[in-house]
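What follows is a short report on a single structure.
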Amino acid sequence: MRSRAYATIATAPESGIYRSSRRAGEPSRRSPAAAAFLSFLWPGLGQIYASQPLRALFYAVPPVLLLSALLLSLLQGFERFVVSLLVPSFAAAVVGLAALHAVWRIVAIVDAWRVVRLRSGGGRRSLVLVALLSLAVLAPHGLAGYYVHSLSAAGGLIFNGGGSAGPTIPLDDLLGEPGSVAHPPADVPPRETPSMTPVQPRSSGSGGGEPQATTILFVGVDSGPGRDHALTDTLMVATFDPARNLLSMVSVPRDTGRVPLFDGGTYADRINSLLGHAKRNPDRFLQGPIQTLVREMEYLVGVPIDYYAVTDMAGLERAIELVGGIEIVLDHEVNDPNWGLHLTPGTYRVYAATAMRIVRSRYGPGNSDYMRARRQQAVIKGLAQRAKDPAIVARLPELFSAMSQIARSNIPVERLPDLLALLDATDSAERRSIVLAPPKYAQRIPPAEVGGRYMIELKMREIAALSVELFGDRSRYSK
């Protein structure tokens with residue numbers, strides 16, 4: 001008759017001393033399933049259960065190192081870590097490490113199960129548990145990998161300008177070739193304007209010394225209901241100067257006409273049609289549509305523009321919807337019966353439909369395109385702040401996927417973490433929001449001279465003084 005591994009024989013009960021009756025060479029009664037489950041909780045725990053400390057150390061140390069690296073990255077800032085996932089090299093490294101970690105955990109589970117099974121015998125039925133635990137490891141790691149890949153892929157469409165990075169959208173066709181801000185080709189000298197000094201090409205290197213100012217041109221393209229063309233109804237130059245702790249936002253009204261062009265001559269129509277005009281006349285505007293607009297805004301505002309970000313205004317509504325609404329600050333009353341708005345100055349939590357009515361409204365007492373431009377600035381600031389909220393991190397792939405259909409930028413993805421840190425620094429900065437509107441910075445053009453349309457003309461002397469005040473020696477007007 002086969003002997004039992006453990007007997008229930010003991011020494012005299014009154015002595016209180018018991019001894020094991022397991023015979024030499026008989027298997028341990030430890031459970032392979034328990035060992036597998038312990039290593040599922042953390043690699044190496046199952047090996048400790050199997051009395052294999054060196055094996056436990058071998059399996060436990062790599063996950064500890066990986067967790068430490070993750071914690072160090074998160075200590076740099078949660079938002080910064082998430083934005084870093086848009087960088088392809090960093091995203092690929094995260095996906096690769098997640099895959100290796102999943103494999104390592106599964107190997108640790110199988111090894112713990114195998115070691116105990118070889119000692120105790122049997123345990124084949126626990127193979128089902130090993131398979132289930134392996135699936136339980138793969139599921140979250142696969143989901144994390146998909147999340148990171150989706151975020152990186154959508155970010156690549158937005159910040160690579162679309163085009164070769166993925167399917168083109170109408171915005172790609174309007175903007176022309178993606179790429180960095182272009183300056184006139186070397187073999188096409190700029191044509192001077194008597195009253196203006198042409199913008200000089202500048203080096204893209206930042207050099208050393210004090211922190212460098214960063215300038216971004218925000219463009220809102222509005223095709224609008226019933227239109228067969230797109231107009232840039234939002235033109236805003238935002239600059240943050242860390243040395244002066246100053247965030248300035250300068251908006252050029254959509255009805256601005258008779259603007260002096262950066263390479264000579266005058267554009268007689270409204271500036272909000274310049275992008276489309278450059279698209280239709282490639283022989284005249286060799287830089288391409290978006291680069292032409294960037295150079296023109298550099299020329300008018302007088303500050304070098306580092307990057308552009310172009311958004312279809314219809315897509316702005318989708319972005320606000322995905323983040324669950326934004327908070328905006330109104331510094332003036334809005335009473336527009338056309339849009340059903342009656343808002344007094346103050347702070348509001350608004351959702352997509354209301355936000356779009358706010359940025360489109362320009363009728364009612366005291367309302368105008370200039371007031372609308374100021375509200376557009378408020379909405380952009382509100383969206384930027386909302387995007388930093390950890391509560392929406394889970395929806396970032398969906399948000400970026402939607403934005404990839406309506407937004408384009410030449411900001412290098414590698415610079416996004418730095419720009420996020422710069423955005424954080426603006427929270428305590430002095431803020432200047434200016435619209436180049438009449439009567440201080442512009443004047444109305446007599447309707448008879450422009451076919452009865454409403455158009456304004458910029459007062460360049462006043463704008464030159466403003467540019468020097470805001471940007472110092474970075475302003476071309478300071479030369």
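Ordering of the structure tokens sets the chain letters (A, B, ...); residue numbers start at 1 within each chain; ligands are numbered from 1 in the order shown.
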Per residue of region 328-428 of chain A within 8 Å of region 81-103 of chain A, which atom pair is closest and at what distance in Å (one decimal), using only C-alpha atoms, listed by chain and increasing number, as a Markdown table?
| residue | atom | partner | partner_atom | distance |
| --- | --- | --- | --- | --- |
| A:Val393 | CA | A:Val82 | CA | 7.8 |
| A:Val413 | CA | A:Val87 | CA | 5.3 |
| A:Glu414 | CA | A:Val87 | CA | 5.6 |
| A:Leu416 | CA | A:Val83 | CA | 6.5 |
| A:Pro417 | CA | A:Ser84 | CA | 5.8 |
| A:Leu420 | CA | A:Val83 | CA | 7.8 |
Quick one: residues within 12 Å of region 27-39 of chain A, only C-alpha atoms counted, chain neighbours fewer than 3 positions away excluded, as a PyMOL selection string?
-> chain A and resi 3-6+22-24+42-52+55-57+59-60+63+104-134+136-137
Grab the residues selected above and save them as a PDB file, in the first residue's frame with C-alpha atoms.
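Output file out33.pdb is given in full below:
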ATOM      1  CA  SER A   3       2.550   5.477   1.985  1.00  0.00           C
ATOM      2  CA  ARG A   4       1.169   8.975   2.664  1.00  0.00           C
ATOM      3  CA  ALA A   5       3.507  11.990   2.299  1.00  0.00           C
ATOM      4  CA  TYR A   6       2.541  13.295   5.702  1.00  0.00           C
ATOM      5  CA  ARG A  22       7.417  13.304   5.712  1.00  0.00           C
ATOM      6  CA  ARG A  23       9.774  10.585   4.538  1.00  0.00           C
ATOM      7  CA  ALA A  24      12.933  11.389   2.641  1.00  0.00           C
ATOM      8  CA  TRP A  42       4.534  40.096  -8.411  1.00  0.00           C
ATOM      9  CA  PRO A  43       7.280  38.175 -10.246  1.00  0.00           C
ATOM     10  CA  GLY A  44       9.403  36.233  -7.756  1.00  0.00           C
ATOM     11  CA  LEU A  45       6.789  35.711  -5.031  1.00  0.00           C
ATOM     12  CA  GLY A  46       5.990  32.249  -6.366  1.00  0.00           C
ATOM     13  CA  GLN A  47       9.691  31.380  -6.345  1.00  0.00           C
ATOM     14  CA  ILE A  48       9.934  32.450  -2.681  1.00  0.00           C
ATOM     15  CA  TYR A  49       6.971  30.170  -1.965  1.00  0.00           C
ATOM     16  CA  ALA A  50       8.947  27.390  -3.653  1.00  0.00           C
ATOM     17  CA  SER A  51      11.966  28.126  -1.411  1.00  0.00           C
ATOM     18  CA  GLN A  52      14.042  29.407  -4.342  1.00  0.00           C
ATOM     19  CA  ARG A  55      15.292  32.596  -8.601  1.00  0.00           C
ATOM     20  CA  ALA A  56      12.931  34.959  -6.813  1.00  0.00           C
ATOM     21  CA  LEU A  57      15.536  37.742  -6.903  1.00  0.00           C
ATOM     22  CA  TYR A  59      12.504  37.545 -11.485  1.00  0.00           C
ATOM     23  CA  ALA A  60      11.700  40.364  -9.038  1.00  0.00           C
ATOM     24  CA  PRO A  63      10.063  44.827 -12.635  1.00  0.00           C
ATOM     25  CA  TRP A 104       8.622  38.550 -18.151  1.00  0.00           C
ATOM     26  CA  ARG A 105       5.586  38.236 -15.874  1.00  0.00           C
ATOM     27  CA  ILE A 106       4.235  35.261 -17.831  1.00  0.00           C
ATOM     28  CA  VAL A 107       7.626  33.522 -17.738  1.00  0.00           C
ATOM     29  CA  ALA A 108       7.773  34.107 -13.956  1.00  0.00           C
ATOM     30  CA  ILE A 109       4.278  32.618 -13.547  1.00  0.00           C
ATOM     31  CA  VAL A 110       5.125  29.524 -15.616  1.00  0.00           C
ATOM     32  CA  ASP A 111       8.478  29.071 -13.877  1.00  0.00           C
ATOM     33  CA  ALA A 112       6.975  29.216 -10.383  1.00  0.00           C
ATOM     34  CA  TRP A 113       4.265  26.735 -11.392  1.00  0.00           C
ATOM     35  CA  ARG A 114       6.834  24.381 -12.973  1.00  0.00           C
ATOM     36  CA  VAL A 115       9.263  24.411 -10.026  1.00  0.00           C
ATOM     37  CA  VAL A 116       6.581  23.517  -7.486  1.00  0.00           C
ATOM     38  CA  ARG A 117       4.947  20.954  -9.770  1.00  0.00           C
ATOM     39  CA  LEU A 118       8.246  19.108 -10.279  1.00  0.00           C
ATOM     40  CA  ARG A 119       8.655  18.844  -6.510  1.00  0.00           C
ATOM     41  CA  SER A 120       5.101  18.022  -5.546  1.00  0.00           C
ATOM     42  CA  GLY A 121       4.030  16.068  -8.563  1.00  0.00           C
ATOM     43  CA  GLY A 122       0.683  16.443 -10.330  1.00  0.00           C
ATOM     44  CA  GLY A 123      -0.638  19.965 -10.819  1.00  0.00           C
ATOM     45  CA  ARG A 124      -1.518  19.497 -14.479  1.00  0.00           C
ATOM     46  CA  ARG A 125      -5.053  20.640 -13.890  1.00  0.00           C
ATOM     47  CA  SER A 126      -3.667  23.988 -12.686  1.00  0.00           C
ATOM     48  CA  LEU A 127      -2.448  24.615 -16.236  1.00  0.00           C
ATOM     49  CA  VAL A 128      -5.843  26.168 -16.866  1.00  0.00           C
ATOM     50  CA  LEU A 129      -5.144  28.688 -14.097  1.00  0.00           C
ATOM     51  CA  VAL A 130      -1.703  29.440 -15.587  1.00  0.00           C
ATOM     52  CA  ALA A 131      -3.343  30.154 -18.943  1.00  0.00           C
ATOM     53  CA  LEU A 132      -5.956  32.402 -17.346  1.00  0.00           C
ATOM     54  CA  LEU A 133      -3.317  34.302 -15.372  1.00  0.00           C
ATOM     55  CA  SER A 134      -1.279  34.775 -18.552  1.00  0.00           C
ATOM     56  CA  ALA A 136      -4.894  38.486 -17.287  1.00  0.00           C
ATOM     57  CA  VAL A 137      -1.325  39.792 -17.760  1.00  0.00           C
TER      58      VAL A 137
END
For each of A:Thr234, A:Asn338, A:Thr347, A:Gln291, take the minimum atom-to-atom distance to Pro365 (chain A), counting only C-alpha atoms, then give the residue where this is smallest.
->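 Distance minimum relative to Pro365 (chain A) lands on A:Asn338.
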Rank A:Ile445, A:Leu419, A:Leu300, A:Ala268 by their smallest atom-to-atom distance to Phe240 (chain A), using only C-alpha atoms, and report the top residue only.
->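 Going through A:Ile445, A:Leu419, A:Leu300, A:Ala268 one by one, the smallest distance to Phe240 (chain A) is for A:Leu419.
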Could you build a table of the residues in region 294-360 of chain A lying no more than 12 Å from region 372-376 of chain A, giving for each the nearest pair of atoms and their separation in Å rounded to one decimal place, using only C-alpha atoms, ordered by chain and ascending residue number, as a Markdown table?
| residue | atom | partner | partner_atom | distance |
| --- | --- | --- | --- | --- |
| A:Met313 | CA | A:Gln376 | CA | 10.5 |
| A:Leu316 | CA | A:Gln376 | CA | 10.8 |
| A:Glu327 | CA | A:Arg375 | CA | 12.0 |
| A:Ile328 | CA | A:Arg375 | CA | 8.5 |
| A:Val329 | CA | A:Arg375 | CA | 8.4 |
| A:Leu330 | CA | A:Arg375 | CA | 7.0 |
| A:Asp331 | CA | A:Arg375 | CA | 8.7 |
| A:His332 | CA | A:Arg375 | CA | 9.2 |
| A:Glu333 | CA | A:Arg375 | CA | 10.8 |
| A:Val334 | CA | A:Arg372 | CA | 9.6 |
| A:Asp336 | CA | A:Arg372 | CA | 11.4 |
| A:Pro345 | CA | A:Arg375 | CA | 11.4 |
| A:Ala355 | CA | A:Gln376 | CA | 9.3 |
| A:Met356 | CA | A:Gln376 | CA | 9.4 |
| A:Arg357 | CA | A:Arg372 | CA | 10.1 |
| A:Ile358 | CA | A:Arg375 | CA | 7.0 |
| A:Val359 | CA | A:Gln376 | CA | 5.3 |
| A:Arg360 | CA | A:Arg372 | CA | 6.8 |
Save out the residues we just selected, C-alpha atoms, as an mmCIF file, in the first residue's frame.
data_model
loop_
_atom_site.group_PDB
_atom_site.id
_atom_site.type_symbol
_atom_site.label_atom_id
_atom_site.label_comp_id
_atom_site.auth_asym_id
_atom_site.auth_seq_id
_atom_site.Cartn_x
_atom_site.Cartn_y
_atom_site.Cartn_z
ATOM 1 C CA MET A 313 -13.359 76.055 -36.278
ATOM 2 C CA LEU A 316 -12.887 73.221 -32.208
ATOM 3 C CA GLU A 327 -13.981 77.312 -18.314
ATOM 4 C CA ILE A 328 -13.698 80.799 -19.827
ATOM 5 C CA VAL A 329 -13.480 84.297 -18.436
ATOM 6 C CA LEU A 330 -15.507 87.040 -20.149
ATOM 7 C CA ASP A 331 -14.389 90.611 -19.474
ATOM 8 C CA HIS A 332 -17.312 92.193 -21.339
ATOM 9 C CA GLU A 333 -21.048 91.657 -21.782
ATOM 10 C CA VAL A 334 -22.382 89.628 -24.699
ATOM 11 C CA ASP A 336 -26.459 88.840 -29.181
ATOM 12 C CA PRO A 345 -18.771 89.621 -17.422
ATOM 13 C CA ALA A 355 -18.642 77.843 -26.732
ATOM 14 C CA MET A 356 -19.050 77.951 -30.506
ATOM 15 C CA ARG A 357 -21.812 80.541 -30.254
ATOM 16 C CA ILE A 358 -19.497 82.630 -28.103
ATOM 17 C CA VAL A 359 -16.615 82.495 -30.588
ATOM 18 C CA ARG A 360 -18.875 83.223 -33.585
#
Å distance separating CA of Ala278 (chain A) from CA of Ile290 (chain A), one decimal place |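 CA of Ala278 (chain A) sits 8.4 Å away from CA of Ile290 (chain A).
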Could you check which of A:Ala144, A:Ile326, A:Leu423, A:Val435 is closest to Gln377 (chain A), using only C-alpha atoms?
-> A:Val435
